[in-house]
Structure formats: structure tokens, C-alpha cells
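> My questions all concern the structure below.
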Amino acid sequence: MSIPVKRVKRKQILSDPASPELYYLVLEPGKSDVVTEDDLADDAEMIGGMSREDAIHILGILIRRMRFYLTKGNKVKIGGLGTFHLTFHNKGTEEEKDCTVRNINKVNIRFKVDKNLRMVNESTVATRSDNSVKFYIKGETTTGSSGGGNDDGGDDDSGGGWIDPTA
């Protein structure tokens with residue numbers, strides 16, 4: 001399966017009007033689906049021999065326990081996936097007495113991916129693995145060894161000059 005991307009032109013430094021405009025690749029909008037816990041539960045039922053209700057129950061427990069441990073200031077590591085932890089942003093103050101927890105204005109949950117899950121661009125690596133991701137620029141043909149290229153989204157590696165008919 002391949003992931004469609006497109007080129008966009010924008011300023012290198014968004015806040016600087018004098019910044020040069022450069023081309024960047026972004027995901028093609030509207031091409032990715034949202035996978036819900038119901039979808040994951042259906043997969044667990046089909047693949048893992050677990051009932052859909054049990055899978056939804058386990059996902060709910062996982063979310064509640066992650067919230068519990070994160071709010072205690074702990075990190076939550078899920079093997080093969082990654083580590084979740086809290087960060088926050090606060091305003092600086094000139095006086096120590098003014099530096100209080102009321103200055104915290106944003107709390108985030110951050111995620112650091114596990115090494116085993118890190119994805120790589122298939123066009124830049126010599127060997128392919130389960131973590132290789134294939135990208136193509138919508139509407140362009142494969143250009144030999146320059147990388148990227150297009151295919152029809154299938155799993156075969158025929159590549160070779162396919163043009164997206166919907167472009």
C-alpha cells in the first residue's frame with residue numbers, strides 16, 4: 001500500500017514575510033481514515049480469537065490506567081509501540097514568588113515511538129522491512145532510481161510509470 005503526498009509551496013519561516021518560499025511534501029488531504037477502538041476491537045475478534053466486547057473492555061481499561069499513571073507523573077511504556085509522558089508549558093516570571101502552578105497554561109501528552117516501530121521511507125533505504133513506508137506524489141510517474149514513484153496502492157513492486165487516473 002502506498003501513501004499519497006502532494007507538493008505545497010510555503011515560506012521557510014512562516015512568521016517571517018521575507019523568508020524564501022520553498023516546496024514541501026504534505027499528506028494528501030482526505031486520504032486517511034480514522035481507525036476507532038471499535039475497528040481495533042473488530043480486528044482483535046477476527047485475528048486474536050477474542051470477543052469484540054472483551055477487546056473494547058481491555059482498550060477501555062488500558063486508556064483509564066494510562067490516564068491514572070500519567071496523572072501521577074509516570075511514563076507509560078507499551079512494548080513495541082512506544083512511551084507516553086506528560087509535558088507542560090508555563091509562563092516565565094521575574095520573581096520566584098510569582099512562579100506558581102497557576103502559570104501552567106498547557107498540558108500535553110507526548111509520545112516517543114519504540115525503535116521497533118519507527119517507520120522509514122522505502123525510497124531511501126537499501127532493504128525493505130515491515131517498517132518501510134512507500135510514498136508517491138499524486139499524478140506523477142515513477143522516475144527510475146530517483147525515489148518515490150507511484151504505484152496503484154497494491155502490495156506488488158511493479159511500479160513503472162503508473163499515473164493516478166483521478167489526478
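By convention in this document, the chains of the C-alpha cells carry letters A, B, ... by their order, each chain's residues are numbered from 1, and ligands are numbered from 1 in the order they are shown.
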Write down as an MDAnalysis selection string the residues belonging to stretch 22-113 of chain A that are assigned strand (DSSP E) by DSSP computed on the backbone.
chainID A and resid 22:27 76:78 82:90 104:113
> Within 7 Å of A:Leu117, counting only C-alpha atoms, which residues show up once you throw out same-chain ones fewer than 5 positions away? Write them as a list of chain:residue names, please.
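The neighbour list is A:Gly80, A:Leu81, A:Asn131.
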> Identify, on the basis of only C-alpha atoms, every residue whose closest approach to A:Asp130 does not exceed 12 Å; exclude the query and any residue fewer than 3 positions from it along the same chain; express the result as a PyMOL selection string.
chain A and resi 1+116-122+127+133-134+155
> Of the candidates A:Leu27, A:Val8, A:Leu40, A:Arg110, which shows the shortest atom-to-atom distance to A:Leu86, using only C-alpha atoms?
A:Arg110
> Which is closest to A:Lys75 among A:Lys97, A:Arg102, A:Lys112, A:Lys91, if we use only C-alpha atoms?
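Between A:Lys97, A:Arg102, A:Lys112, A:Lys91, the residue approaching A:Lys75 most closely is A:Lys112.
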> Near A:Val107, counting only C-alpha atoms, which residues have an atom at most 10 Å away, once you skip same-chain residues fewer than 4 positions from it, shown as a list of chain:residue names?
A:Leu86, A:Thr87, A:Phe88, A:His89, A:Asn90
> Can you work out which one of A:Arg10, A:Phe68, A:Ile109, A:Cys99 has the shortest atom-to-atom distance to A:His85, counting only C-alpha atoms?
A:Ile109
> Of the candidates A:Thr83, A:Asn108, A:Ser15, A:Ser51, which shows the shortest atom-to-atom distance to A:Met66, using only C-alpha atoms?
A:Thr83
> When you draw a straight line from atom CA of A:Ile137 to atom CA of A:Val34, how long is it in Å?
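According to the coordinates, atom CA of A:Ile137 and atom CA of A:Val34 are separated by 21.8 Å.
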> Looking at only C-alpha atoms, which of A:Val35, A:Leu62, A:Val101, A:Val125 is the one that sits closest to A:Lys77?
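Of all the options, A:Leu62 lies closest to A:Lys77.
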> Just want the 12 Å neighbourhood of A:Thr36, counted on only C-alpha atoms, with same-chain residues fewer than 6 positions away dropped. Output as a PyMOL selection string.
chain A and resi 42-43+56+59
> Which distance in Å separates atom CA of A:Asp38 and atom CA of A:Ala55, to one decimal?
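According to the coordinates, atom CA of A:Asp38 and atom CA of A:Ala55 are separated by 8.8 Å.
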